[in-house]
Amino acid sequence: MARQRASSVATTRLFTAIGIVAIAVMTAGCDLLPRPPPPTSADYCGVDVTAPSNEDNTLHIWAPAPRQHCLRLYALYEASQSLPDISVIPVEKNINSTPYFNLIKSAAEKGNAPDIAFYYNGSKLEKLIENGYLYPLEKCKSHTARWNPDLYIQGKWSLPFEVDANVLFYSKVLLRETGWSENDINKLPDRIAAGEFTLKDLTEVAIHALNNGIVEKGYAYLPPEQIFYPLMGIYNALGGQHDLQNLPFSIDKAILEKTFDYYLNLHHKGLLHKAATQRNFSNLSNRLTVRDAIAHGRILFAVASSSEWKRMQLDHISQEDVLSHNIGMALLPALNNDSAGRVAIRSIGSHFIFNQKATGRENQQQSCKLLQQLHKTRLVHAHAVNTSQVIPVFNSLLPTGKTPQIQSIDISMAKGHQPEFVSFYHSVVNALAAVIDGQITTEDAAAIATSQYTPPNQ
């Protein structure tokens, strides 16, 4: 049974490629047949947008808002319905993050940017800030200093609307095969949260499943597709710290070496597939393959964003009871049992306001009023539920019904939100690939990574 399961996982990539080609051929041959247009973001949100009577005093909103993320855009439209003096034109920009950022940056340079835009994380906003295109939120009088600094990276310039966090998915299917009872399986999230089930315990369970043919080599433990996140998660679990409020960052070379040792050990024991340590692991084919395998319970333990739950439901198993029968979700286990489980913030999506220089309009105070109204509604909560993400609130994160219970002390940041951290990111992931390939030792990798990282202003 394990061999059949592993074969299906291993060959999904090939079948995906064949399927894509087949679909393309069939689609090309059916171009003359009438086909309904694909659903828009407004369709997913169930919003019927009414055109404003006077566009001169109307706020233009841009956001990439595909499918379950439709409220990134239409929450602002919905919030405007209770503000008689404000009307909104929402514009869907459902393109990838880099071309979308280039689009809003180009619009600002030409003086025809939207009044409000949505964007992910904080690092690229530095370019807009440096060029003087953004409106400081302190002029909105919105008490922005109350936001948790980890959640509110660009404290003066944007308001967080969504937070995606890495959590642990576990296969109930495979745990049953190892002999776990339903009671044992149901108690796992609480045990992780209390620090009673650690990374060491996870490794022991994975080795047992591998040695008994329950799971195929390389599929016992899978980190996120972008290896930076699990790397820094392990670094944090081993005691590595970064003070986000006091730059430059301090990188602990000894802990970084232990991080590389941890990954090398997972690979040598056959728990971690080599592909999951490579920078190109994040391609579309791999993401589809991994998502399908997690949804059907074929990977024993996998660290992935909580938003994957909704994607798996949309694309792989629509019946939520079946999905819940196959997989469970928990906090990330700590390294030692003296620590509680945690989540690692993966991405933060925020709304920001362009200034008059960028828009050619004087709608900034109206934009402030609309953003403030948005955060008075239940729309931020509704978006988290729609996307199976966590809810950003003042000084904390709140869980939805599907995400694990989260306390503020459980939160660790994915440090890539800091622009100063980018050089360290690239040096670390390159060093990991070299370690797994046997080109360098973990000690050398830690030395190379820390030496390549150049702290700002030094």
# chains A, B, ... in the order shown; residues from 1 in each chain; ligands from 1

$ residues_around --residues "Lys369 of chain A" --least-positions-apart "5" --cutoff "12 Å" --atoms "only C-alpha atoms" --output "list of chain:residue names"
A:Leu59, A:Leu76, A:Ala79, A:Ser80, A:Ser82, A:Leu83, A:Pro84, A:Asp85, A:Ile86, A:Ser87, A:Ile116, A:Leu137, A:Lys139, A:Cys140, A:Lys141, A:Ser142, A:Ile353, A:Asn363, A:Gln364, A:Leu374, A:His375, A:Lys376

$ write_last_selection --atoms "N, CA and C atoms" --output "compact mmCIF listing (two decimals), in the first residue's frame"
# COMPACT_ATOMS: atom_id res chain seq x y z
N LEU A 59 -13.02 57.11 -4.87
CA LEU A 59 -11.75 56.47 -4.56
C LEU A 59 -11.54 55.27 -5.48
N LEU A 76 -13.22 46.78 0.92
CA LEU A 76 -13.25 48.25 0.91
C LEU A 76 -14.51 48.77 0.24
N ALA A 79 -17.22 48.23 2.80
CA ALA A 79 -17.11 49.21 3.88
C ALA A 79 -17.62 50.58 3.44
N SER A 80 -17.44 50.91 2.16
CA SER A 80 -17.87 52.22 1.66
C SER A 80 -19.38 52.38 1.64
N SER A 82 -21.47 52.04 3.92
CA SER A 82 -21.99 52.71 5.11
C SER A 82 -21.43 54.13 5.26
N LEU A 83 -20.74 54.61 4.23
CA LEU A 83 -20.20 55.97 4.23
C LEU A 83 -20.82 56.73 3.06
N PRO A 84 -21.88 57.51 3.30
CA PRO A 84 -22.61 58.16 2.21
C PRO A 84 -21.78 59.11 1.36
N ASP A 85 -20.73 59.68 1.96
CA ASP A 85 -19.93 60.67 1.23
C ASP A 85 -18.75 60.04 0.49
N ILE A 86 -18.66 58.72 0.49
CA ILE A 86 -17.53 58.05 -0.17
C ILE A 86 -18.06 56.98 -1.13
N SER A 87 -17.58 57.01 -2.35
CA SER A 87 -17.87 55.94 -3.32
C SER A 87 -16.55 55.35 -3.80
N ILE A 116 -6.01 53.91 -3.01
CA ILE A 116 -5.62 52.87 -2.05
C ILE A 116 -5.20 51.63 -2.83
N LEU A 137 0.23 57.35 7.56
CA LEU A 137 -1.02 57.08 8.24
C LEU A 137 -1.19 57.86 9.53
N LYS A 139 -1.20 60.88 9.68
CA LYS A 139 -2.10 61.97 9.32
C LYS A 139 -3.55 61.53 9.32
N CYS A 140 -3.77 60.22 9.37
CA CYS A 140 -5.14 59.70 9.48
C CYS A 140 -5.63 59.70 10.93
N LYS A 141 -4.69 59.91 11.87
CA LYS A 141 -5.02 59.88 13.30
C LYS A 141 -5.65 58.53 13.67
N SER A 142 -5.00 57.46 13.24
CA SER A 142 -5.59 56.12 13.40
C SER A 142 -4.93 55.28 14.49
N ILE A 353 -2.08 54.04 1.35
CA ILE A 353 -2.68 55.18 0.66
C ILE A 353 -1.60 55.90 -0.14
N ASN A 363 -7.55 62.94 -2.36
CA ASN A 363 -8.53 62.06 -1.72
C ASN A 363 -7.96 61.35 -0.49
N GLN A 364 -6.86 61.85 0.03
CA GLN A 364 -6.16 61.11 1.08
C GLN A 364 -6.99 61.00 2.37
N LEU A 374 -13.19 50.23 7.44
CA LEU A 374 -12.95 48.82 7.17
C LEU A 374 -12.60 48.07 8.43
N HIS A 375 -11.73 48.65 9.26
CA HIS A 375 -11.26 47.96 10.45
C HIS A 375 -12.24 48.06 11.61
N LYS A 376 -13.34 48.72 11.41
CA LYS A 376 -14.43 48.70 12.39
C LYS A 376 -15.44 47.61 12.08

$ select_by_dssp --residues "segment 28-252 of chain A" --states "strand (DSSP E or B)" --output "ChimeraX atom specification"
/A:59-63,88-92,116-120,134,158-171,219,221-222

$ atom_distance --atom1 "atom CA of Ala302 of chain A" --atom2 "atom CA of Pro224 of chain A"
7.3 Å

$ closest_residue --among "A:Met312, A:Ala358, A:Ile327, A:Leu73" --to "Gly111 of chain A" --atoms "only C-alpha atoms"
A:Ala358

$ select_by_dssp --residues "segment 32-183 of chain A" --states "helix (DSSP H, G or I)" --output "ChimeraX atom specification"
/A:41-45,55-57,67-69,71-80,97-110,125-130,137-140,144-146,172-177,182-183
